[in-house]
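Raw contents of entry.cif, mmCIF, C-alpha atoms and all ligand atoms:
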```cif
data_structure
loop_
_atom_site.group_PDB
_atom_site.id
_atom_site.type_symbol
_atom_site.label_atom_id
_atom_site.label_comp_id
_atom_site.auth_asym_id
_atom_site.auth_seq_id
_atom_site.Cartn_x
_atom_site.Cartn_y
_atom_site.Cartn_z
ATOM 1 C CA MET A 1 53.141 97.041 -86.825
ATOM 2 C CA ARG A 2 51.680 93.926 -85.284
ATOM 3 C CA LEU A 3 53.450 90.668 -86.072
ATOM 4 C CA ASP A 4 51.835 87.451 -84.848
ATOM 5 C CA VAL A 5 53.513 84.063 -84.994
ATOM 6 C CA PHE A 6 51.510 80.845 -84.765
ATOM 7 C CA THR A 7 53.710 77.967 -83.715
ATOM 8 C CA LEU A 8 53.987 74.905 -81.503
ATOM 9 C CA VAL A 9 57.044 76.275 -79.721
ATOM 10 C CA PRO A 10 56.477 79.926 -78.717
ATOM 11 C CA HIS A 11 59.302 79.655 -76.154
ATOM 12 C CA ALA A 12 61.801 79.073 -78.975
ATOM 13 C CA PHE A 13 61.376 82.734 -79.924
ATOM 14 C CA ALA A 14 62.709 84.007 -76.581
ATOM 15 C CA TRP A 15 66.245 84.215 -77.966
ATOM 16 C CA LEU A 16 65.122 86.270 -80.942
ATOM 17 C CA THR A 17 63.238 88.782 -78.826
ATOM 18 C CA GLU A 18 66.393 89.497 -76.833
ATOM 19 C CA GLN A 19 68.453 90.298 -79.926
ATOM 20 C CA ARG A 20 68.746 93.540 -81.827
ATOM 21 C CA PRO A 21 67.041 94.767 -83.902
ATOM 22 C CA VAL A 22 63.950 92.903 -82.687
ATOM 23 C CA ALA A 23 64.599 93.879 -79.046
ATOM 24 C CA THR A 24 65.024 97.527 -80.070
ATOM 25 C CA VAL A 25 61.611 97.887 -81.696
ATOM 26 C CA LEU A 26 59.703 95.483 -79.447
ATOM 27 C CA GLY A 27 56.928 97.242 -77.552
ATOM 28 C CA GLY A 28 57.330 100.301 -79.786
ATOM 29 C CA GLU A 29 57.157 99.993 -83.566
ATOM 30 C CA LEU A 30 56.780 96.220 -83.239
ATOM 31 C CA ASP A 31 54.049 94.446 -81.360
ATOM 32 C CA LEU A 32 55.136 90.783 -81.523
ATOM 33 C CA ARG A 33 52.742 88.150 -80.264
ATOM 34 C CA LEU A 34 53.343 84.406 -80.075
ATOM 35 C CA PHE A 35 50.459 81.946 -80.240
ATOM 36 C CA SER A 36 50.551 78.212 -79.669
ATOM 37 C CA TYR A 37 48.214 76.070 -81.780
ATOM 38 C CA ARG A 38 48.001 73.782 -78.781
ATOM 39 C CA GLU A 39 46.370 76.435 -76.577
ATOM 40 C CA THR A 40 43.343 76.754 -78.847
ATOM 41 C CA THR A 41 43.096 73.361 -80.527
ATOM 42 C CA PRO A 42 39.513 72.059 -80.571
ATOM 43 C CA LEU A 43 40.884 68.509 -80.278
ATOM 44 C CA ARG A 44 41.524 66.539 -77.133
ATOM 45 C CA ASN A 45 44.906 66.177 -75.461
ATOM 46 C CA GLY A 46 46.433 69.085 -77.345
ATOM 47 C CA GLN A 47 46.295 67.256 -80.682
ATOM 48 C CA VAL A 48 47.163 69.473 -83.644
ATOM 49 C CA ASP A 49 48.128 67.166 -86.515
ATOM 50 C CA ASP A 50 46.754 64.036 -88.084
ATOM 51 C CA GLU A 51 47.527 61.251 -90.563
ATOM 52 C CA PRO A 52 47.365 62.181 -94.248
ATOM 53 C CA TYR A 53 44.313 61.102 -96.238
ATOM 54 C CA GLY A 54 45.410 58.639 -98.895
ATOM 55 C CA GLY A 55 48.086 57.234 -96.616
ATOM 56 C CA GLY A 56 51.794 57.859 -96.519
ATOM 57 C CA ALA A 57 54.365 58.902 -93.996
ATOM 58 C CA GLY A 58 54.212 61.857 -91.654
ATOM 59 C CA MET A 59 51.590 63.950 -89.955
ATOM 60 C CA VAL A 60 49.745 66.982 -91.305
ATOM 61 C CA LEU A 61 48.796 70.158 -89.398
ATOM 62 C CA ARG A 62 44.986 70.222 -89.327
ATOM 63 C CA VAL A 63 42.970 73.014 -90.917
ATOM 64 C CA ASP A 64 40.479 73.148 -88.012
ATOM 65 C CA VAL A 65 43.373 73.629 -85.583
ATOM 66 C CA VAL A 66 44.842 76.532 -87.550
ATOM 67 C CA ALA A 67 41.364 78.069 -88.035
ATOM 68 C CA ALA A 68 40.694 77.847 -84.285
ATOM 69 C CA ALA A 69 44.015 79.556 -83.524
ATOM 70 C CA LEU A 70 43.249 82.386 -85.986
ATOM 71 C CA ASP A 71 39.678 82.772 -84.709
ATOM 72 C CA ALA A 72 40.862 82.942 -81.094
ATOM 73 C CA ALA A 73 43.419 85.604 -81.963
ATOM 74 C CA TYR A 74 41.315 87.707 -84.348
ATOM 75 C CA GLY A 75 37.671 86.795 -83.798
ATOM 76 C CA GLY A 76 37.013 86.593 -87.528
ATOM 77 C CA ALA A 77 38.976 89.728 -88.488
ATOM 78 C CA PRO A 78 42.467 88.451 -89.403
ATOM 79 C CA PRO A 79 45.267 90.817 -90.428
ATOM 80 C CA GLU A 80 45.817 91.930 -94.010
ATOM 81 C CA ARG A 81 48.550 89.342 -94.566
ATOM 82 C CA VAL A 82 48.379 85.799 -93.249
ATOM 83 C CA VAL A 83 51.554 84.060 -94.381
ATOM 84 C CA ALA A 84 51.853 80.287 -94.501
ATOM 85 C CA LEU A 85 55.527 79.332 -94.293
ATOM 86 C CA THR A 86 56.118 76.511 -96.736
ATOM 87 C CA PRO A 87 58.914 75.425 -99.091
ATOM 88 C CA LYS A 88 56.295 75.558 -101.864
ATOM 89 C CA GLY A 89 55.647 79.294 -101.360
ATOM 90 C CA ARG A 90 56.947 82.410 -103.102
ATOM 91 C CA GLN A 91 60.667 82.750 -102.512
ATOM 92 C CA LEU A 92 61.567 85.332 -99.904
ATOM 93 C CA THR A 93 63.417 88.360 -101.265
ATOM 94 C CA GLN A 94 64.085 91.825 -99.859
ATOM 95 C CA ALA A 95 61.121 93.057 -101.946
ATOM 96 C CA VAL A 96 58.813 90.585 -100.187
ATOM 97 C CA VAL A 97 60.233 91.704 -96.811
ATOM 98 C CA GLU A 98 59.554 95.384 -97.652
ATOM 99 C CA GLU A 99 56.029 94.488 -98.729
ATOM 100 C CA LEU A 100 55.295 92.697 -95.462
ATOM 101 C CA ALA A 101 57.005 95.361 -93.333
ATOM 102 C CA ALA A 102 54.667 97.950 -94.851
ATOM 103 C CA ALA A 103 51.542 96.053 -93.759
ATOM 104 C CA PRO A 104 49.889 97.098 -90.493
ATOM 105 C CA GLY A 105 49.503 93.501 -89.421
ATOM 106 C CA VAL A 106 51.048 90.195 -90.466
ATOM 107 C CA ALA A 107 50.446 86.677 -89.165
ATOM 108 C CA LEU A 108 53.088 84.018 -89.754
ATOM 109 C CA LEU A 109 51.940 80.392 -89.722
ATOM 110 C CA SER A 110 54.529 77.749 -88.939
ATOM 111 C CA ALA A 111 54.000 74.020 -89.540
ATOM 112 C CA ARG A 112 56.063 70.870 -88.969
ATOM 113 C CA PHE A 113 56.293 67.245 -90.154
ATOM 114 C CA GLU A 114 54.545 67.003 -93.559
ATOM 115 C CA GLY A 115 53.318 70.586 -93.328
ATOM 116 C CA PHE A 116 49.846 72.157 -93.556
ATOM 117 C CA ASP A 117 46.603 70.636 -94.687
ATOM 118 C CA GLU A 118 46.452 72.338 -98.100
ATOM 119 C CA ARG A 119 43.201 74.091 -97.136
ATOM 120 C CA VAL A 120 45.222 76.270 -94.740
ATOM 121 C CA VAL A 121 47.227 77.609 -97.664
ATOM 122 C CA GLU A 122 44.203 77.869 -99.970
ATOM 123 C CA HIS A 123 41.628 79.365 -97.610
ATOM 124 C CA LEU A 124 43.163 80.704 -94.400
ATOM 125 C CA ALA A 125 46.416 82.212 -95.671
ATOM 126 C CA THR A 126 46.728 85.176 -98.026
ATOM 127 C CA ASP A 127 50.348 84.340 -98.915
ATOM 128 C CA ALA A 128 52.664 81.348 -98.979
ATOM 129 C CA VAL A 129 56.341 82.159 -98.484
ATOM 130 C CA SER A 130 59.449 79.985 -98.686
ATOM 131 C CA ILE A 131 62.740 81.212 -97.238
ATOM 132 C CA GLY A 132 64.688 79.219 -99.828
ATOM 133 C CA PRO A 133 64.735 76.137 -102.038
ATOM 134 C CA TYR A 134 65.523 73.655 -99.269
ATOM 135 C CA VAL A 135 63.483 71.888 -96.618
ATOM 136 C CA LEU A 136 63.751 72.619 -92.901
ATOM 137 C CA SER A 137 62.128 70.520 -90.187
ATOM 138 C CA ASN A 138 59.583 73.152 -89.211
ATOM 139 C CA GLY A 139 58.501 76.706 -89.905
ATOM 140 C CA ASP A 140 59.972 78.273 -86.784
ATOM 141 C CA LEU A 141 63.351 79.183 -88.239
ATOM 142 C CA PRO A 142 61.613 80.608 -91.343
ATOM 143 C CA ALA A 143 59.307 82.609 -89.039
ATOM 144 C CA MET A 144 62.333 83.941 -87.133
ATOM 145 C CA VAL A 145 64.019 84.885 -90.407
ATOM 146 C CA LEU A 146 60.950 86.908 -91.343
ATOM 147 C CA VAL A 147 60.564 88.510 -87.913
ATOM 148 C CA ASP A 148 64.199 89.648 -88.021
ATOM 149 C CA ALA A 149 64.076 90.825 -91.638
ATOM 150 C CA ILE A 150 60.817 92.742 -91.045
ATOM 151 C CA ALA A 151 61.905 94.201 -87.686
ATOM 152 C CA ARG A 152 65.059 95.746 -89.159
ATOM 153 C CA ARG A 153 62.917 97.650 -91.693
ATOM 154 C CA LEU A 154 60.837 99.327 -88.986
ATOM 155 C CA PRO A 155 61.580 102.929 -87.958
ATOM 156 C CA GLY A 156 64.241 103.133 -85.233
ATOM 157 C CA ALA A 157 65.393 99.528 -85.591
ATOM 158 C CA LEU A 158 68.820 100.428 -86.914
ATOM 159 C CA ALA A 159 71.322 103.172 -86.295
ATOM 160 C CA GLU A 160 70.758 106.232 -88.500
ATOM 161 C CA GLY A 161 71.746 105.517 -92.097
ATOM 162 C CA SER A 162 72.757 101.885 -91.704
ATOM 163 C CA GLY A 163 69.543 100.471 -93.120
ATOM 164 C CA GLU A 164 69.405 102.483 -96.335
ATOM 165 C CA LEU A 165 72.526 101.510 -98.251
ATOM 166 C CA GLU A 166 72.230 97.789 -97.812
ATOM 167 C CA SER A 167 72.506 94.878 -100.194
ATOM 168 C CA PHE A 168 69.274 94.455 -102.219
ATOM 169 C CA SER A 169 68.056 97.951 -101.272
ATOM 170 C CA ALA A 170 66.424 100.296 -103.783
ATOM 171 C CA GLU A 171 69.232 102.795 -103.068
ATOM 172 C CA LEU A 172 71.750 100.269 -104.415
ATOM 173 C CA GLY A 173 69.470 99.390 -107.336
ATOM 174 C CA GLY A 174 68.889 95.973 -105.776
ATOM 175 C CA GLY A 175 72.651 95.289 -105.970
ATOM 176 C CA LEU A 176 75.172 94.098 -103.412
ATOM 177 C CA GLU A 177 76.790 96.528 -101.025
ATOM 178 C CA TYR A 178 80.419 97.667 -101.361
ATOM 179 C CA PRO A 179 83.013 95.923 -99.114
ATOM 180 C CA HIS A 180 83.828 97.219 -95.628
ATOM 181 C CA TYR A 181 87.209 97.341 -93.876
ATOM 182 C CA THR A 182 88.340 98.320 -90.388
ATOM 183 C CA ARG A 183 91.620 98.415 -88.427
ATOM 184 C CA PRO A 184 94.333 97.245 -88.819
ATOM 185 C CA ALA A 185 95.110 98.901 -92.138
ATOM 186 C CA GLU A 186 97.428 96.006 -92.937
ATOM 187 C CA PHE A 187 97.264 92.422 -91.686
ATOM 188 C CA ARG A 188 99.503 89.600 -92.983
ATOM 189 C CA GLY A 189 100.284 91.818 -95.945
ATOM 190 C CA TRP A 190 96.584 92.263 -96.770
ATOM 191 C CA ARG A 191 96.144 95.992 -97.192
ATOM 192 C CA VAL A 192 92.993 98.018 -96.965
ATOM 193 C CA PRO A 193 92.432 99.814 -100.333
ATOM 194 C CA ASP A 194 94.439 103.063 -100.271
ATOM 195 C CA VAL A 195 91.421 105.142 -101.256
ATOM 196 C CA LEU A 196 89.713 104.356 -97.946
ATOM 197 C CA LEU A 197 92.705 105.747 -96.034
ATOM 198 C CA SER A 198 92.945 108.851 -98.225
ATOM 199 C CA GLY A 199 90.457 110.996 -96.297
ATOM 200 C CA ASP A 200 89.063 112.148 -99.671
ATOM 201 C CA HIS A 201 85.335 111.631 -99.201
ATOM 202 C CA ALA A 202 84.406 112.243 -102.833
ATOM 203 C CA LYS A 203 86.932 109.621 -103.959
ATOM 204 C CA ILE A 204 85.750 107.186 -101.289
ATOM 205 C CA GLU A 205 82.151 107.683 -102.379
ATOM 206 C CA GLY A 206 83.139 107.092 -106.025
ATOM 207 C CA TRP A 207 85.087 103.930 -105.119
ATOM 208 C CA ARG A 208 82.169 102.591 -103.145
ATOM 209 C CA ARG A 209 79.763 103.221 -106.021
ATOM 210 C CA GLU A 210 82.131 101.323 -108.350
ATOM 211 C CA GLN A 211 82.178 98.355 -105.980
ATOM 212 C CA ILE A 212 78.390 97.909 -105.925
ATOM 213 C CA ARG A 213 77.525 94.760 -107.863
HETATM 214 C C1 LIG B 301 59.473 69.206 -93.264
HETATM 215 S S1 LIG B 301 58.660 70.668 -93.802
HETATM 216 C C2 LIG B 301 57.424 70.024 -94.883
HETATM 217 C C3 LIG B 301 57.918 69.798 -96.260
HETATM 218 C C4 LIG B 301 56.808 69.437 -97.234
HETATM 219 N N1 LIG B 301 56.327 68.115 -96.989
HETATM 220 C C5 LIG B 301 57.335 69.551 -98.648
HETATM 221 O O1 LIG B 301 57.854 68.576 -99.172
HETATM 222 O O2 LIG B 301 57.261 70.674 -99.214
HETATM 223 C C6 LIG B 301 57.738 71.137 -92.401
HETATM 224 C C7 LIG B 301 57.405 72.608 -92.318
HETATM 225 O O3 LIG B 301 58.591 73.354 -92.164
HETATM 226 C C8 LIG B 301 58.427 74.650 -92.746
HETATM 227 N N2 LIG B 301 59.462 74.824 -93.777
HETATM 228 C C9 LIG B 301 60.396 73.928 -94.132
HETATM 229 N N3 LIG B 301 61.203 74.415 -95.082
HETATM 230 C C10 LIG B 301 60.775 75.680 -95.340
HETATM 231 C C11 LIG B 301 61.200 76.704 -96.245
HETATM 232 N N4 LIG B 301 62.210 76.536 -97.075
HETATM 233 N N5 LIG B 301 60.535 77.870 -96.223
HETATM 234 C C12 LIG B 301 59.486 78.069 -95.383
HETATM 235 N N6 LIG B 301 59.030 77.127 -94.527
HETATM 236 C C13 LIG B 301 59.657 75.947 -94.498
HETATM 237 C C14 LIG B 301 57.014 74.705 -93.296
HETATM 238 O O4 LIG B 301 56.156 75.302 -92.313
HETATM 239 C C15 LIG B 301 56.713 73.231 -93.497
HETATM 240 O O5 LIG B 301 55.332 72.981 -93.529
#
```

Show the structure stored in the file as structure tokens.
Ligand SMILES: C[S@@+](CC[C@H](N)C(=O)[O-])C[C@H]1O[C@@H](n2cnc3c(N)ncnc32)[C@H](O)[C@@H]1O
Amino acid sequence: MRLDVFTLVPHAFAWLTEQRPVATVLGGELDLRLFSYRETTPLRNGQVDDEPYGGGAGMVLRVDVVAAALDAAYGGAPPERVVALTPKGRQLTQAVVEELAAAPGVALLSARFEGFDERVVEHLATDAVSIGPYVLSNGDLPAMVLVDAIARRLPGALAEGSGELESFSAELGGGLEYPHYTRPAEFRGWRVPDVLLSGDHAKIEGWRREQIR
């Protein structure tokens, strides 16, 4: 799939692109592109935001700036899903991630300061997504959260089997995964459940099913 991020700090995504699973699928199942609003702004001196009409604190990301960035990238044919990242959007869940990961193309729009001119959300975006009921300083961390969450759903992103039985997955009925343990079998008197050391795979499977919440 093609995943495009519109931001003021494309370089901030360098770290993410070096990490698994994003690095694993990059150039294969994932075509990740980073666009700077500043590169295509129709305003002078790289201006992208402006004072709010009606007064008040903060600066607002201009609709003409976002439109110019989308036009430059897509020439009037934007992807199926254009997601404005905003605390006022639909809360991100695994179901929303699956939905976006199934789209052939997704654009993620990041803002800062007071956020987007509302016309971006109303007319340029198809979706508004919040990564949680709290406010961050800009949309870049939310965009990274989505890039990571989407990338790990793409074919080949994860080792065989590790992506299916995960918390919130359909296979676990949307529940939380069973607990994991590794060596040592005992540490400070804290023992790994005996069943996991039993070698009885049917019993282990049953115990794991019981632990799903
Ligand atoms: C400081 S926030 C703007 C907050 C906005 N004035 C409000 O009260 O809802 C700046 C930008 O960070 C991003 N952002 C902050 N928190 C977010 C969240 N929980 N989910 C998604 N994006 C968020 C959005 O792009 C937002 O426009």

Fill in: Env. residues ligand LIG 301 (chain B) / 7 Å / only C-alpha atoms and all ligand atoms / as number ranges by chain
A: 84-88, 110-116, 129-139, 142

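Proximity to Tyr53 of chain A was assessed for A:Asp71, A:Glu18, A:Glu98, A:Asp117 counting all atoms listed in the file; the smallest distance is recorded for A:Asp117.
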
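Taking atom CA of Pro79 of chain A and atom CA of His11 of chain A as endpoints, the distance between them is 22.9 Å.
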
Item to complete: Can you turn the PyMOL selection byres (((chain A and resi 49) around 12) and not hetatm) into a concrete residue list for this file, as a VMD selection string?
Response: chain A and resid 8 37 to 38 41 to 48 50 to 52 58 to 66 111 to 117

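You can rank A:Val121, A:Ala72, A:Val96, A:Ile212 by their closest distance to Leu172 of chain A using all atoms listed in the file, and at the top of that list sits A:Ile212.
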
Item to complete: Could you tell me which residues the PyMOL selection byres (((chain A and resi 148) around 10) and not hetatm) returns for this structure, as a ChimeraX atom specification?
Response: /A:16-17,19-23,97,142-147,149-153

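Neighbourhood of point (83.1, 97.5, -103.8): residues with an atom at most 10 Å away, counting all atoms listed in the file, are Leu176, Glu177, Tyr178, Pro179, His180, Gly206, Trp207, Arg208, Arg209, Glu210, Gln211, Ile212 and Arg213 of chain A.
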
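Going from atom CA of Glu80 of chain A to atom CA of Val5 of chain A covers 14.2 Å.
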
Practice prompt. Starting from the displayed file, determine the output of the PyMOL selection byres (((chain A and resi 81) around 8) and not hetatm) and express the residue list as a PyMOL selection string.
Written response: chain A and resi 79-80+82-83+100+103+105-107+125-127

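Considering the residues A:Pro184, A:Gly89, A:Gly28, A:Pro10 and counting all atoms listed in the file, Gly156 of chain A has its shortest atom-to-atom contact with A:Gly28.
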
Worksheet item: Rounded to one decimal in Å, what is the spacing between atom CA of Leu124 of chain A and atom CA of Val25 of chain A?
Response: 28.2 Å

Discussion item. Using only C-alpha atoms, can you tell me which of A:Glu186, A:Glu118, A:Glu29, A:Glu39 comes closest to Ala101 of chain A?
Written reply: A:Glu29

Segment 178-197 of chain A, all listed atoms, 8 Å padding on each side: what axis-aligned box centre and edge lengths in Å to one decimal come out, as AutoDock Vina command-line options?
```
--center_x 90.4 --center_y 97.7 --center_z -94.9 --size_x 35.9 --size_y 32.1 --size_z 28.9
```
